[in-house]
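**Q** Contents of input_37.cif (mmCIF, C-alpha atoms) are given next:
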data_input
loop_
_atom_site.label_atom_id
_atom_site.label_comp_id
_atom_site.auth_asym_id
_atom_site.auth_seq_id
_atom_site.Cartn_x
_atom_site.Cartn_y
_atom_site.Cartn_z
CA MET A 1 0.00 0.00 0.00
CA THR A 2 1.24 3.49 -0.74
CA ALA A 3 2.61 5.50 2.18
CA LYS A 4 0.76 8.57 0.87
CA THR A 5 -2.54 7.19 2.17
CA PHE A 6 -1.29 6.89 5.74
CA LYS A 7 0.37 10.29 5.78
CA GLN A 8 -3.03 11.94 5.38
CA VAL A 9 -4.76 13.24 8.50
CA ASP A 10 -7.93 11.28 7.68
CA SER A 11 -6.06 7.98 8.11
CA GLU A 12 -5.64 8.96 11.80
CA VAL A 13 -1.99 7.91 11.68
CA PRO A 14 -0.52 11.44 12.17
CA SER A 15 -2.65 12.01 15.29
CA PHE A 16 -1.74 8.52 16.57
CA LEU A 17 1.97 9.32 16.16
CA ALA A 18 1.55 12.69 17.90
CA THR A 19 -0.19 11.16 20.93
CA ASN A 20 0.05 7.40 21.58
CA ALA A 21 3.40 6.78 19.91
CA ARG A 22 5.12 9.96 21.10
CA ASP A 23 3.90 9.41 24.69
CA ALA A 24 5.24 5.84 24.60
CA PHE A 25 8.61 6.98 23.27
CA GLU A 26 8.89 9.72 25.90
CA LYS A 27 8.23 7.14 28.61
CA GLY A 28 10.79 4.78 27.07
CA CYS A 29 13.40 7.54 26.94
CA THR A 30 12.66 8.56 30.53
CA ASP A 31 13.16 4.97 31.71
CA ARG A 32 16.48 4.77 29.85
CA LEU A 33 17.65 8.04 31.42
CA LYS A 34 16.70 6.97 34.94
CA ASN A 35 18.35 3.57 34.73
CA LYS A 36 22.08 3.31 33.96
CA ALA A 37 21.67 -0.44 33.64
CA HIS A 38 18.52 -0.45 31.52
CA PRO A 39 18.29 -3.88 29.83
CA GLN A 40 17.86 -2.26 26.42
CA GLY A 41 20.62 0.27 26.97
CA THR A 42 20.71 3.59 28.80
CA LEU A 43 20.48 6.99 27.12
CA ARG A 44 22.51 8.71 29.85
CA PRO A 45 25.79 10.35 28.85
CA PRO A 46 28.90 8.82 30.46
CA THR A 47 29.45 12.04 32.44
CA LEU A 48 26.91 14.61 33.61
CA SER A 49 28.64 17.69 32.25
CA LYS A 50 26.58 20.26 30.37
CA GLY A 51 26.44 19.44 26.68
CA ALA A 52 27.54 15.82 27.12
CA LYS A 53 25.80 13.42 24.75
CA GLY A 54 24.74 9.86 25.45
CA PRO A 55 24.73 6.87 23.11
CA ILE A 56 22.27 6.57 20.25
CA ARG A 57 19.52 4.10 21.09
CA PHE A 58 16.86 2.30 19.04
CA LEU A 59 13.26 2.16 20.37
CA GLN A 60 10.13 0.60 18.89
CA PHE A 61 6.41 0.98 19.54
CA ARG A 62 3.45 -0.79 17.95
CA SER A 63 -0.27 -0.38 18.50
CA GLY A 64 -3.51 -0.19 16.52
CA VAL A 65 -5.64 2.44 14.82
CA ARG A 66 -9.32 2.05 13.94
CA PRO A 67 -10.35 4.70 11.38
CA SER A 68 -13.84 6.15 11.49
CA ARG A 69 -16.50 4.65 9.20
CA THR A 70 -18.22 8.01 8.79
CA ALA A 71 -15.73 10.89 9.22
CA THR A 72 -14.41 11.21 5.65
CA PRO A 73 -14.35 9.18 2.41
CA LEU A 74 -10.73 8.13 3.10
CA SER A 75 -11.41 7.01 6.67
CA ARG A 76 -14.49 5.11 5.46
CA ASP A 77 -12.48 3.35 2.73
CA LEU A 78 -9.79 2.33 5.22
CA SER A 79 -12.40 1.16 7.70
CA ILE A 80 -14.02 -1.07 5.07
CA ALA A 81 -10.78 -2.33 3.53
CA LEU A 82 -8.74 -2.91 6.70
CA GLY A 83 -10.82 -2.22 9.77
CA ALA A 84 -8.35 -1.74 12.62
CA TYR A 85 -4.69 -1.93 11.57
CA ASN A 86 -1.29 -1.77 13.25
CA VAL A 87 1.12 1.16 13.18
CA HIS A 88 4.74 0.20 13.86
CA SER A 89 7.21 2.98 14.73
CA ALA A 90 10.96 2.83 15.17
CA ILE A 91 13.10 5.74 16.36
CA TRP A 92 16.79 6.44 16.89
CA ALA A 93 17.25 8.82 19.83
CA GLN A 94 20.11 10.57 21.62
CA ALA A 95 20.11 12.55 24.86
CA THR A 96 22.11 15.67 25.73
CA TYR A 97 22.65 16.69 29.36
CA MET A 98 21.42 20.28 29.83
CA GLY A 99 22.15 20.76 33.56
CA SER A 100 20.16 20.47 36.77
CA THR A 101 17.21 22.39 38.15
CA GLY A 102 15.41 22.76 41.45
CA GLY A 103 16.48 21.43 44.82
CA VAL A 104 18.31 23.17 47.64
CA PHE A 105 22.11 23.37 47.43
CA GLY A 106 21.97 20.61 44.83
CA ILE A 107 19.91 18.31 47.05
CA GLY A 108 16.75 17.03 45.41
CA ALA A 109 17.61 18.64 42.07
CA ASP A 110 16.42 17.14 38.79
CA ASP A 111 18.76 16.39 35.92
CA VAL A 112 17.48 17.89 32.67
CA TYR A 113 18.02 16.23 29.29
CA GLN A 114 17.05 17.11 25.77
CA VAL A 115 16.33 13.97 23.77
CA GLU A 116 16.60 14.39 20.02
CA ILE A 117 14.81 12.03 17.64
CA LEU A 118 17.41 11.46 14.95
CA ARG A 119 15.09 9.39 12.77
CA TRP A 120 11.52 8.08 13.06
CA CYS A 121 10.33 5.43 10.60
CA VAL A 122 6.73 4.23 10.33
CA GLN A 123 4.98 1.30 8.63
CA CYS A 124 1.31 0.30 8.75
CA TYR A 125 0.18 -3.29 8.32
CA ASP A 126 -2.65 -5.72 8.89
CA VAL A 127 -3.34 -9.43 8.56
CA TYR A 128 -6.09 -9.68 5.97
CA ASP A 129 -8.27 -12.42 7.36
CA TRP A 130 -11.73 -13.08 8.79
CA ASN A 131 -12.99 -13.10 12.37
CA LEU A 132 -15.69 -15.46 13.61
CA GLY A 133 -18.86 -13.62 14.59
CA ALA A 134 -17.83 -10.36 12.89
CA ALA A 135 -19.32 -8.65 9.83
CA THR A 136 -17.84 -6.24 7.32
CA PRO A 137 -19.99 -3.37 5.94
CA PHE A 138 -20.04 -2.64 2.20
CA PRO A 139 -22.11 0.23 0.74
CA ILE A 140 -24.02 -1.04 -2.32
CA GLU A 141 -26.57 0.25 -4.78
CA PRO A 142 -30.16 -0.67 -3.77
CA ASN A 143 -30.78 -2.21 -7.21
CA ASP A 144 -27.92 -4.68 -6.64
CA VAL A 145 -29.44 -6.24 -3.53
CA LYS A 146 -31.39 -8.88 -5.51
CA ASN A 147 -28.35 -9.92 -7.54
CA LEU A 148 -25.77 -10.63 -4.84
CA PRO A 149 -23.73 -13.75 -5.81
CA LEU A 150 -23.78 -15.04 -2.23
CA PRO A 151 -25.47 -17.99 -0.53
CA PRO A 152 -28.43 -17.37 1.83
CA GLY A 153 -27.34 -16.13 5.22
CA ALA A 154 -23.92 -14.85 4.11
CA ALA A 155 -25.04 -11.22 4.27
CA THR A 156 -27.73 -8.98 5.71
CA ILE A 157 -28.91 -5.69 4.24
CA LYS A 158 -29.30 -2.54 6.31
CA ASN A 159 -30.16 1.08 5.66
CA ILE A 160 -27.75 3.32 7.55
CA GLY A 161 -28.35 7.04 7.25
CA GLY A 162 -30.06 6.62 3.89
CA ILE A 163 -27.25 4.41 2.52
CA THR A 164 -27.86 0.76 1.65
CA VAL A 165 -25.21 -1.33 3.37
CA MET A 166 -24.46 -5.03 2.99
CA MET A 167 -23.17 -6.56 6.25
CA LEU A 168 -21.05 -9.43 4.96
CA LYS A 169 -20.56 -12.11 7.62
CA ASP A 170 -16.96 -13.10 8.24
CA ASP A 171 -18.08 -16.64 9.12
CA TYR A 172 -18.87 -17.27 5.45
CA PHE A 173 -15.34 -16.31 4.35
CA ARG A 174 -13.75 -18.18 7.24
CA ASP A 175 -15.51 -21.32 6.03
CA LEU A 176 -14.36 -20.57 2.48
CA GLU A 177 -10.76 -20.15 3.69
CA VAL A 178 -10.81 -23.39 5.71
CA SER A 179 -12.10 -25.27 2.68
CA GLY A 180 -9.14 -24.04 0.62
CA GLY A 181 -11.00 -21.34 -1.27
CA GLY A 182 -9.00 -18.46 0.20
CA ARG A 183 -6.17 -17.58 2.54
CA ALA A 184 -5.10 -14.96 5.08
CA TYR A 185 -2.20 -12.73 4.09
CA LEU A 186 -0.22 -9.77 5.34
CA VAL A 187 -0.85 -6.34 3.82
CA ARG A 188 1.52 -3.51 4.59
CA SER A 189 2.35 0.03 3.59
CA GLU A 190 5.60 1.38 2.29
CA SER A 191 7.76 2.58 5.17
CA PHE A 192 7.85 6.35 5.59
CA GLU A 193 9.29 9.09 7.78
CA ALA A 194 7.07 10.46 10.54
CA PRO A 195 5.94 14.06 9.87
CA SER A 196 8.19 16.77 11.26
CA SER A 197 5.28 18.00 13.39
CA VAL A 198 5.72 15.01 15.73
CA THR A 199 9.51 14.54 15.72
CA GLY A 200 10.54 17.50 17.87
CA PRO A 201 12.87 16.91 20.85
CA PHE A 202 11.72 15.89 24.33
CA THR A 203 12.77 17.79 27.43
CA ILE A 204 12.95 15.23 30.22
CA LYS A 205 13.67 15.75 33.93
CA VAL A 206 14.74 12.81 36.05
#
So that I can check it, write out the structure of this file as structure tokens.

**A**
Amino acid sequence: MTAKTFKQVDSEVPSFLATNARDAFEKGCTDRLKNKAHPQGTLRPPTLSKGAKGPIRFLQFRSGVRPSRTATPLSRDLSIALGAYNVHSAIWAQATYMGSTGGVFGIGADDVYQVEILRWCVQCYDVYDWNLGAATPFPIEPNDVKNLPLPPGAATIKNIGGITVMMLKDDYFRDLEVSGGGRAYLVRSESFEAPSSVTGPFTIKV
């Protein structure tokens, strides 16, 4: 799938990156700054002198997005084609020690770091398969209802907001897949760089 689709606001990926993913990465960076012996490698510089830089570390985060069925034509198309799908992010980050703040005579002070995201790569993917008990909505023309090439019980017809919708039961396609008439497969987007609006540095106090 083209990356262009998932860069658009209507895909809900940019807002996901700006909130869920960025929050997860900030937490991951904070943990790596607090812990010199972090099992996945610390971000702390070897010495706490102003301007000192720590090692470059690789962090990953993956979670799902479910686009709206009604917000926009693009979100509706994604909802019908994929339903919920996964967004996988990988960043390379480096921390710079900025000094300390607060406390009394250095006691209880916080160390301040600026964490720069050197690169942030994104890929969206989904396993294209069928889920027992679920149904997938497809808008259709009212005149086509009588000519659906499907067995009885495979679909139900509904009118949603003046639009004729066929609710296609996943059970039918699961049975078809088990019998050898289809298969599940992985669909994925091209990898792409996260938008600059979400890749700004973190200021973290520990």

**Q** For the provided coordinates, the residues matched by the PyMOL selection byres ((chain A and resi 26) around 12) should be stated as a ChimeraX atom specification.

**A** /A:17-25,27-33,43,59-61,91,93,95,113-117,198-205

**Q** Output the residue selection produced by the PyMOL selection byres ((chain A and resi 137) around 12) on the file above, formatted as a ChimeraX atom specification.

**A** /A:69-70,76-83,134-136,138-140,155-160,163-170

**Q** Residues as selected, C-alpha atoms, written as a short mmCIF file (atom, residue, chain, number, x, y, z; two decimals), in the frame of the given file, can you do that?

**A**
data_model
loop_
_atom_site.label_atom_id
_atom_site.label_comp_id
_atom_site.auth_asym_id
_atom_site.auth_seq_id
_atom_site.Cartn_x
_atom_site.Cartn_y
_atom_site.Cartn_z
CA ARG A 69 -16.50 4.65 9.20
CA THR A 70 -18.22 8.01 8.79
CA ARG A 76 -14.49 5.11 5.46
CA ASP A 77 -12.48 3.35 2.73
CA LEU A 78 -9.79 2.33 5.22
CA SER A 79 -12.40 1.16 7.70
CA ILE A 80 -14.02 -1.07 5.07
CA ALA A 81 -10.78 -2.33 3.53
CA LEU A 82 -8.74 -2.91 6.70
CA GLY A 83 -10.82 -2.22 9.77
CA ALA A 134 -17.83 -10.36 12.89
CA ALA A 135 -19.32 -8.65 9.83
CA THR A 136 -17.84 -6.24 7.32
CA PHE A 138 -20.04 -2.64 2.20
CA PRO A 139 -22.11 0.23 0.74
CA ILE A 140 -24.02 -1.04 -2.32
CA ALA A 155 -25.04 -11.22 4.27
CA THR A 156 -27.73 -8.98 5.71
CA ILE A 157 -28.91 -5.69 4.24
CA LYS A 158 -29.30 -2.54 6.31
CA ASN A 159 -30.16 1.08 5.66
CA ILE A 160 -27.75 3.32 7.55
CA ILE A 163 -27.25 4.41 2.52
CA THR A 164 -27.86 0.76 1.65
CA VAL A 165 -25.21 -1.33 3.37
CA MET A 166 -24.46 -5.03 2.99
CA MET A 167 -23.17 -6.56 6.25
CA LEU A 168 -21.05 -9.43 4.96
CA LYS A 169 -20.56 -12.11 7.62
CA ASP A 170 -16.96 -13.10 8.24
#

**Q** Find the residues near Lys7 of chain A: any atom within 12 Å, counting only C-alpha atoms, skip ones fewer than 2 places away on the same chain, and give them as a PyMOL selection string.

**A** chain A and resi 1-5+9-17+74+87+122-124+189-197

**Q** Quote the spacing between atom CA of Gly162 of chain A and atom CA of Pro142 of chain A in Å to one decimal place.

**A** 10.6 Å

**Q** For the file shown, report as a list in words the outcome of the PyMOL selection byres ((chain A and resi 55) around 10) at residue level.

**A** Gly41, Thr42, Leu43, Arg44, Pro45, Pro46, Lys53, Gly54, Ile56, Arg57, Phe58, Ala93, Gln94, Ala95 and Thr96 of chain A

**Q** What is the atom CA of Leu150 of chain A-atom CA of Asp171 of chain A distance in Å, reported with one decimal?

**A**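 Separation between atom CA of Leu150 of chain A and atom CA of Asp171 of chain A: 12.8 Å.
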
**Q** Atom CA of Pro151 of chain A to atom CA of Trp130 of chain A: how many Å, to one decimal?

**A** 17.3 Å

**Q** Could you tell me which of A:Glu141, A:Asn86, A:Arg119, A:Asp129 comes closest to Leu176 of chain A if we count all atoms listed in the file?

**A**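 Among the listed residues, A:Asp129 lies closest to Leu176 of chain A.
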
**Q** With all atoms listed in the file as the basis for distance, which of A:Lys34, A:Tyr172, A:Thr47, A:Gly181 is at the shortest distance from Leu132 of chain A?

**A** A:Tyr172
